[in-house]
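Have a look at start.pdb; it's PDB, C-alpha atoms:
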```
MODEL        1
ATOM      1  CA  LYS A   3      32.093 -16.027 -47.337  1.00  0.00           C
ATOM      2  CA  ASP A   4      33.762 -12.854 -46.048  1.00  0.00           C
ATOM      3  CA  ALA A   5      35.194 -14.712 -43.062  1.00  0.00           C
ATOM      4  CA  LEU A   6      37.084 -17.028 -45.393  1.00  0.00           C
ATOM      5  CA  LEU A   7      38.692 -14.264 -47.422  1.00  0.00           C
ATOM      6  CA  LYS A   8      42.022 -12.874 -46.282  1.00  0.00           C
ATOM      7  CA  LEU A   9      42.967  -9.392 -47.363  1.00  0.00           C
ATOM      8  CA  GLN A  10      46.483  -9.099 -48.700  1.00  0.00           C
ATOM      9  CA  GLU A  11      48.598  -6.018 -48.236  1.00  0.00           C
ATOM     10  CA  ASP A  12      50.148  -6.048 -51.695  1.00  0.00           C
ATOM     11  CA  ILE A  13      49.509  -7.457 -55.141  1.00  0.00           C
ATOM     12  CA  ASP A  14      52.303  -9.950 -55.783  1.00  0.00           C
ATOM     13  CA  ILE A  15      52.758  -9.671 -59.553  1.00  0.00           C
ATOM     14  CA  ARG A  16      55.596 -12.188 -59.547  1.00  0.00           C
ATOM     15  CA  LYS A  17      53.365 -14.770 -57.844  1.00  0.00           C
ATOM     16  CA  ILE A  18      50.518 -14.082 -60.295  1.00  0.00           C
ATOM     17  CA  ARG A  19      52.856 -14.546 -63.262  1.00  0.00           C
ATOM     18  CA  THR A  20      54.076 -17.836 -61.814  1.00  0.00           C
ATOM     19  CA  MET A  21      50.505 -19.017 -61.241  1.00  0.00           C
ATOM     20  CA  LEU A  22      49.625 -18.144 -64.842  1.00  0.00           C
ATOM     21  CA  ALA A  23      52.697 -19.984 -66.146  1.00  0.00           C
ATOM     22  CA  MET A  24      51.857 -23.070 -64.079  1.00  0.00           C
ATOM     23  CA  ALA A  25      48.253 -23.047 -65.288  1.00  0.00           C
ATOM     24  CA  THR A  26      49.426 -22.744 -68.889  1.00  0.00           C
ATOM     25  CA  SER A  27      51.820 -25.653 -68.413  1.00  0.00           C
ATOM     26  CA  ASP A  28      49.006 -27.741 -66.923  1.00  0.00           C
ATOM     27  CA  LEU A  29      46.798 -26.885 -69.918  1.00  0.00           C
ATOM     28  CA  ASN A  30      49.505 -28.223 -72.221  1.00  0.00           C
ATOM     29  CA  ALA A  31      49.676 -31.417 -70.167  1.00  0.00           C
ATOM     30  CA  ILE A  32      45.884 -31.771 -70.382  1.00  0.00           C
ATOM     31  CA  GLN A  33      46.063 -31.568 -74.158  1.00  0.00           C
ATOM     32  CA  GLU A  34      48.690 -34.305 -74.293  1.00  0.00           C
ATOM     33  CA  LEU A  35      46.867 -36.552 -71.811  1.00  0.00           C
ATOM     34  CA  SER A  36      43.580 -36.090 -73.651  1.00  0.00           C
ATOM     35  CA  LYS A  37      45.141 -37.326 -76.907  1.00  0.00           C
ATOM     36  CA  GLN A  38      46.105 -40.615 -75.252  1.00  0.00           C
ATOM     37  CA  ALA A  39      43.164 -41.092 -72.890  1.00  0.00           C
ATOM     38  CA  THR A  40      40.588 -43.801 -73.250  1.00  0.00           C
ATOM     39  CA  LYS A  41      36.997 -43.600 -72.057  1.00  0.00           C
ATOM     40  CA  ASN A  42      38.085 -45.016 -68.711  1.00  0.00           C
ATOM     41  CA  ASP A  43      36.488 -43.242 -65.725  1.00  0.00           C
ATOM     42  CA  TYR A  44      39.781 -43.152 -63.812  1.00  0.00           C
ATOM     43  CA  GLU A  45      41.608 -41.480 -66.679  1.00  0.00           C
ATOM     44  CA  ALA A  46      38.660 -39.102 -67.033  1.00  0.00           C
ATOM     45  CA  SER A  47      38.969 -38.291 -63.324  1.00  0.00           C
ATOM     46  CA  THR A  48      42.686 -37.581 -63.615  1.00  0.00           C
ATOM     47  CA  ILE A  49      42.204 -35.224 -66.550  1.00  0.00           C
ATOM     48  CA  PHE A  50      39.227 -33.555 -64.851  1.00  0.00           C
ATOM     49  CA  LYS A  51      41.192 -32.940 -61.630  1.00  0.00           C
ATOM     50  CA  LEU A  52      44.035 -31.389 -63.607  1.00  0.00           C
ATOM     51  CA  HIS A  53      41.562 -29.237 -65.507  1.00  0.00           C
ATOM     52  CA  TYR A  54      40.008 -28.160 -62.206  1.00  0.00           C
ATOM     53  CA  ASP A  55      43.454 -27.285 -60.824  1.00  0.00           C
ATOM     54  CA  VAL A  56      43.934 -24.921 -63.777  1.00  0.00           C
ATOM     55  CA  LEU A  57      40.575 -23.281 -63.095  1.00  0.00           C
ATOM     56  CA  HIS A  58      41.381 -22.904 -59.417  1.00  0.00           C
ATOM     57  CA  GLN A  59      44.859 -21.531 -60.021  1.00  0.00           C
ATOM     58  CA  LEU A  60      43.630 -18.937 -62.518  1.00  0.00           C
ATOM     59  CA  ALA A  61      40.798 -17.906 -60.197  1.00  0.00           C
ATOM     60  CA  GLU A  62      43.290 -17.494 -57.335  1.00  0.00           C
ATOM     61  CA  ALA A  63      45.609 -15.483 -59.577  1.00  0.00           C
ATOM     62  CA  PHE A  64      42.783 -13.200 -60.664  1.00  0.00           C
ATOM     63  CA  VAL A  65      41.493 -12.418 -57.156  1.00  0.00           C
ATOM     64  CA  ARG A  66      45.018 -11.527 -56.064  1.00  0.00           C
ATOM     65  CA  PHE A  67      44.511  -8.348 -58.084  1.00  0.00           C
ATOM     66  CA  ASP A  68      41.714  -7.598 -55.584  1.00  0.00           C
ATOM     67  CA  ARG A  69      44.254  -8.113 -52.798  1.00  0.00           C
ATOM     68  CA  VAL A  70      42.296 -11.162 -51.673  1.00  0.00           C
ATOM     69  CA  LYS A  71      43.261 -14.732 -50.865  1.00  0.00           C
ATOM     70  CA  SER A  72      40.470 -17.216 -50.365  1.00  0.00           C
ATOM     71  CA  LEU A  73      40.707 -19.951 -47.765  1.00  0.00           C
ATOM     72  CA  ASN A  74      38.445 -22.287 -49.739  1.00  0.00           C
ATOM     73  CA  HIS A  75      37.291 -22.825 -53.302  1.00  0.00           C
ATOM     74  CA  HIS A  76      33.610 -22.135 -52.615  1.00  0.00           C
ATOM     75  CA  CYS A  77      34.384 -18.651 -51.291  1.00  0.00           C
ATOM     76  CA  LEU A  78      36.837 -18.050 -54.106  1.00  0.00           C
ATOM     77  CA  PHE A  79      34.147 -18.618 -56.716  1.00  0.00           C
ATOM     78  CA  ALA A  80      31.579 -16.638 -54.718  1.00  0.00           C
ATOM     79  CA  HIS A  81      33.973 -13.677 -54.584  1.00  0.00           C
ATOM     80  CA  LEU A  82      34.615 -13.910 -58.326  1.00  0.00           C
ATOM     81  CA  LEU A  83      30.934 -13.865 -59.200  1.00  0.00           C
ATOM     82  CA  GLU A  84      29.997 -11.155 -56.711  1.00  0.00           C
ATOM     83  CA  LYS A  85      32.868  -8.771 -57.411  1.00  0.00           C
ATOM     84  CA  HIS A  86      33.408  -9.493 -61.124  1.00  0.00           C
ATOM     85  CA  PRO A  87      30.103  -9.957 -62.948  1.00  0.00           C
ATOM     86  CA  GLU A  88      31.876  -8.707 -66.081  1.00  0.00           C
ATOM     87  CA  LEU A  89      33.533 -12.124 -66.332  1.00  0.00           C
ATOM     88  CA  GLU A  90      30.090 -13.661 -66.895  1.00  0.00           C
ATOM     89  CA  LEU A  91      31.012 -16.881 -65.116  1.00  0.00           C
ATOM     90  CA  SER A  92      28.233 -19.321 -64.268  1.00  0.00           C
ATOM     91  CA  TRP A  93      27.704 -20.139 -60.585  1.00  0.00           C
ATOM     92  CA  ASP A  94      25.846 -23.326 -61.475  1.00  0.00           C
ATOM     93  CA  ALA A  95      28.660 -24.538 -63.717  1.00  0.00           C
ATOM     94  CA  LEU A  96      31.382 -23.644 -61.208  1.00  0.00           C
ATOM     95  CA  GLU A  97      29.499 -25.365 -58.391  1.00  0.00           C
ATOM     96  CA  GLU A  98      28.939 -28.533 -60.378  1.00  0.00           C
ATOM     97  CA  ILE A  99      32.579 -28.606 -61.442  1.00  0.00           C
ATOM     98  CA  ARG A 100      33.722 -27.981 -57.861  1.00  0.00           C
ATOM     99  CA  THR A 101      31.483 -30.635 -56.336  1.00  0.00           C
ATOM    100  CA  LYS A 102      32.478 -33.219 -58.968  1.00  0.00           C
ATOM    101  CA  ARG A 103      36.132 -32.522 -58.170  1.00  0.00           C
ATOM    102  CA  ASN A 104      35.437 -32.803 -54.438  1.00  0.00           C
ATOM    103  CA  GLY A 105      33.796 -36.160 -55.062  1.00  0.00           C
ATOM    104  CA  ILE A 106      36.989 -37.393 -56.688  1.00  0.00           C
ATOM    105  CA  GLN A 107      39.337 -35.745 -54.206  1.00  0.00           C
ATOM    106  CA  TYR A 108      37.600 -36.391 -50.892  1.00  0.00           C
ATOM    107  CA  TYR A 109      35.079 -39.181 -51.388  1.00  0.00           C
ATOM    108  CA  GLY A 110      36.743 -41.532 -53.873  1.00  0.00           C
ATOM    109  CA  THR A 111      33.994 -41.067 -56.443  1.00  0.00           C
ATOM    110  CA  PRO A 112      35.459 -41.034 -59.934  1.00  0.00           C
ATOM    111  CA  ILE A 113      33.828 -38.836 -62.529  1.00  0.00           C
ATOM    112  CA  THR A 114      32.434 -40.665 -65.528  1.00  0.00           C
ATOM    113  CA  TYR A 115      33.887 -40.140 -68.968  1.00  0.00           C
ATOM    114  CA  ALA A 116      30.456 -38.831 -70.047  1.00  0.00           C
ATOM    115  CA  ASP A 117      30.433 -36.255 -67.212  1.00  0.00           C
ATOM    116  CA  ARG A 118      33.964 -35.139 -68.047  1.00  0.00           C
ATOM    117  CA  LYS A 119      32.982 -34.593 -71.671  1.00  0.00           C
ATOM    118  CA  ARG A 120      29.761 -32.802 -70.642  1.00  0.00           C
ATOM    119  CA  LEU A 121      31.622 -30.474 -68.261  1.00  0.00           C
ATOM    120  CA  GLU A 122      34.558 -29.902 -70.595  1.00  0.00           C
ATOM    121  CA  LEU A 123      32.920 -26.962 -72.392  1.00  0.00           C
ATOM    122  CA  PRO A 124      31.896 -24.929 -69.317  1.00  0.00           C
ATOM    123  CA  LEU A 125      35.243 -25.740 -67.703  1.00  0.00           C
ATOM    124  CA  THR A 126      37.176 -24.655 -70.785  1.00  0.00           C
ATOM    125  CA  LEU A 127      35.099 -21.483 -71.183  1.00  0.00           C
ATOM    126  CA  SER A 128      35.687 -20.526 -67.544  1.00  0.00           C
ATOM    127  CA  ILE A 129      39.409 -21.233 -67.852  1.00  0.00           C
ATOM    128  CA  ASN A 130      39.724 -19.231 -71.060  1.00  0.00           C
ATOM    129  CA  THR A 131      37.837 -16.307 -69.515  1.00  0.00           C
ATOM    130  CA  LEU A 132      40.028 -16.251 -66.416  1.00  0.00           C
ATOM    131  CA  LYS A 133      43.275 -16.766 -68.340  1.00  0.00           C
ATOM    132  CA  LYS A 134      42.482 -13.855 -70.634  1.00  0.00           C
ATOM    133  CA  ALA A 135      41.444 -11.675 -67.664  1.00  0.00           C
ATOM    134  CA  VAL A 136      44.683 -12.423 -65.784  1.00  0.00           C
ATOM    135  CA  GLU A 137      46.770 -11.734 -68.892  1.00  0.00           C
ATOM    136  CA  GLU A 138      44.979  -8.416 -69.445  1.00  0.00           C
ATOM    137  CA  LYS A 139      45.486  -7.328 -65.841  1.00  0.00           C
ATOM    138  CA  LEU A 140      49.171  -8.257 -66.026  1.00  0.00           C
ATOM    139  CA  LYS A 141      49.592  -6.031 -69.094  1.00  0.00           C
ATOM    140  CA  THR A 142      48.493  -3.000 -67.095  1.00  0.00           C
ATOM    141  CA  ALA A 143      49.977  -3.986 -63.741  1.00  0.00           C
ATOM    142  CA  LYS A 144      52.661  -1.873 -62.167  1.00  0.00           C
ATOM    143  CA  ILE A 145      55.647  -3.945 -61.173  1.00  0.00           C
TER     144      ILE A 145
ENDMDL
END
```
I need this file expressed as C-alpha cells, please.
Amino acid sequence: KDALLKLQEDIDIRKIRTMLAMATSDLNAIQELSKQATKNDYEASTIFKLHYDVLHQLAEAFVRFDRVKSLNHHCLFAHLLEKHPELELSWDALEEIRTKRNGIQYYGTPITYADRKRLELPLTLSINTLKKAVEEKLKTAKI
C-alpha cells in the first residue's frame, strides 16, 4: 500500500473545500434521485455509484490533511483505517462497498436493489463520519 501513496508537499485547503462542496452537492442529488427511483437494479446501480463517489471524494479530502494522495481506492481505505482508527470505519464494509462499485464500473455487473438498500446504512455512516471529520479539520486548518 505504501507504494501507491504519494506524499504531497502542502495541504491544499482550497482543494479540500472544493471536494467537500462537490460531495455535499452529490449527496443532495442522491436524495432527489432516491425519491424518484424504482426498485430497478440499473437505477440502484446509478445511485450506488454516486453514493460511492461521495465516499471516495470525502476519503480523498480527509487524507489530504495527512499530505497523502492515494493512487487507488484500496490503498486509500487502507491508509484511512491504519492511520485513523479514531474514525472507527469498517474495513469489511468499505471493501464490500468498493468491490460492488468495481463490479458495476469495470465488469458490467449491476448491483441489486436489495444490495443497495443493505449497503445504504454502512455507506451512509461512513460518509457521515468522513464528512464530519473533514469539516472539523477545516475549522482548525490554517489557510
*Given the PyMOL selection byres ((chain A and resi 53) around 9), the residues it picks as a VMD selection string*: chain A and resid 28 to 29 32 48 to 52 54 to 58 122 125 to 126 129
Selected residues, C-alpha atoms, written as a CSV table (one decimal), keeping the file's coordinate frame, please.
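Final file, selection-v5.csv:
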```
chain,number,residue,atom,x,y,z
A,28,ASP,CA,49.0,-27.7,-66.9
A,29,LEU,CA,46.8,-26.9,-69.9
A,32,ILE,CA,45.9,-31.8,-70.4
A,48,THR,CA,42.7,-37.6,-63.6
A,49,ILE,CA,42.2,-35.2,-66.6
A,50,PHE,CA,39.2,-33.6,-64.9
A,51,LYS,CA,41.2,-32.9,-61.6
A,52,LEU,CA,44.0,-31.4,-63.6
A,54,TYR,CA,40.0,-28.2,-62.2
A,55,ASP,CA,43.5,-27.3,-60.8
A,56,VAL,CA,43.9,-24.9,-63.8
A,57,LEU,CA,40.6,-23.3,-63.1
A,58,HIS,CA,41.4,-22.9,-59.4
A,122,GLU,CA,34.6,-29.9,-70.6
A,125,LEU,CA,35.2,-25.7,-67.7
A,126,THR,CA,37.2,-24.7,-70.8
A,129,ILE,CA,39.4,-21.2,-67.9
```
*Mind checking which residues fall within 12 Å of Ser128 (chain A), counting all atoms listed in the file, ignoring those fewer than 5 positions away in the same chain, and posting them as a VMD selection string?*
chain A and resid 53 to 54 56 to 61 79 82 to 83 89 to 96 99 121 to 123 133 to 135
Could you put an axis-aligned box around every listed atom of region 29-47 of chain A, padded by 4 Å on each side, and send me its centre and edge lengths in Å to one decimal, as JSON?
```
{"center_x": 43.1, "center_y": -36.0, "center_z": -70.1, "size_x": 21.2, "size_y": 26.1, "size_z": 21.6}
```
*asked:* For the provided coordinates, the residues matched by the PyMOL selection byres ((chain A and resi 15) around 8) should be stated as number ranges by chain.
replied: A: 13-14, 16-19, 140, 143, 145
*Which residues come within 12 Å of Ala46 (chain A), counting all atoms listed in the file, excluding same-chain residues fewer than 2 positions away, as a ChimeraX atom specification?*
/A:32,35-44,48-53,102-103,106,111-122
_For region 67-77 of chain A, find every residue with an atom within 6 Å (counting all atoms listed in the file), except residues of its own chain fewer than 2 positions away, and show them as a ChimeraX atom specification._
/A:3,6-10,13,64-65,79-81
*What is the distance between CA of Pro87 (chain A) and CA of Glu62 (chain A), in Å to one decimal?*
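That distance, rounded to one decimal, is 16.2 Å.
Each of A:Ala63, A:Met24, A:Asp12, A:Asn30 was checked against Val136 (chain A) using all atoms listed in the file; the smallest atom-to-atom distance is that of A:Ala63.
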*Hey, which of A:Ala31, A:Gly105, A:Leu22, A:Lys85 ends up closest to Ser47 (chain A)? Count all atoms listed in the file.*
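Smallest separation from Ser47 (chain A) among the options: A:Gly105.
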_With distances taken over all atoms listed in the file, which residue among A:Ala25, A:His86, A:Tyr109, A:Glu98 lies nearest Pro124 (chain A)?_
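For Pro124 (chain A), the nearest of the candidates is A:Glu98.
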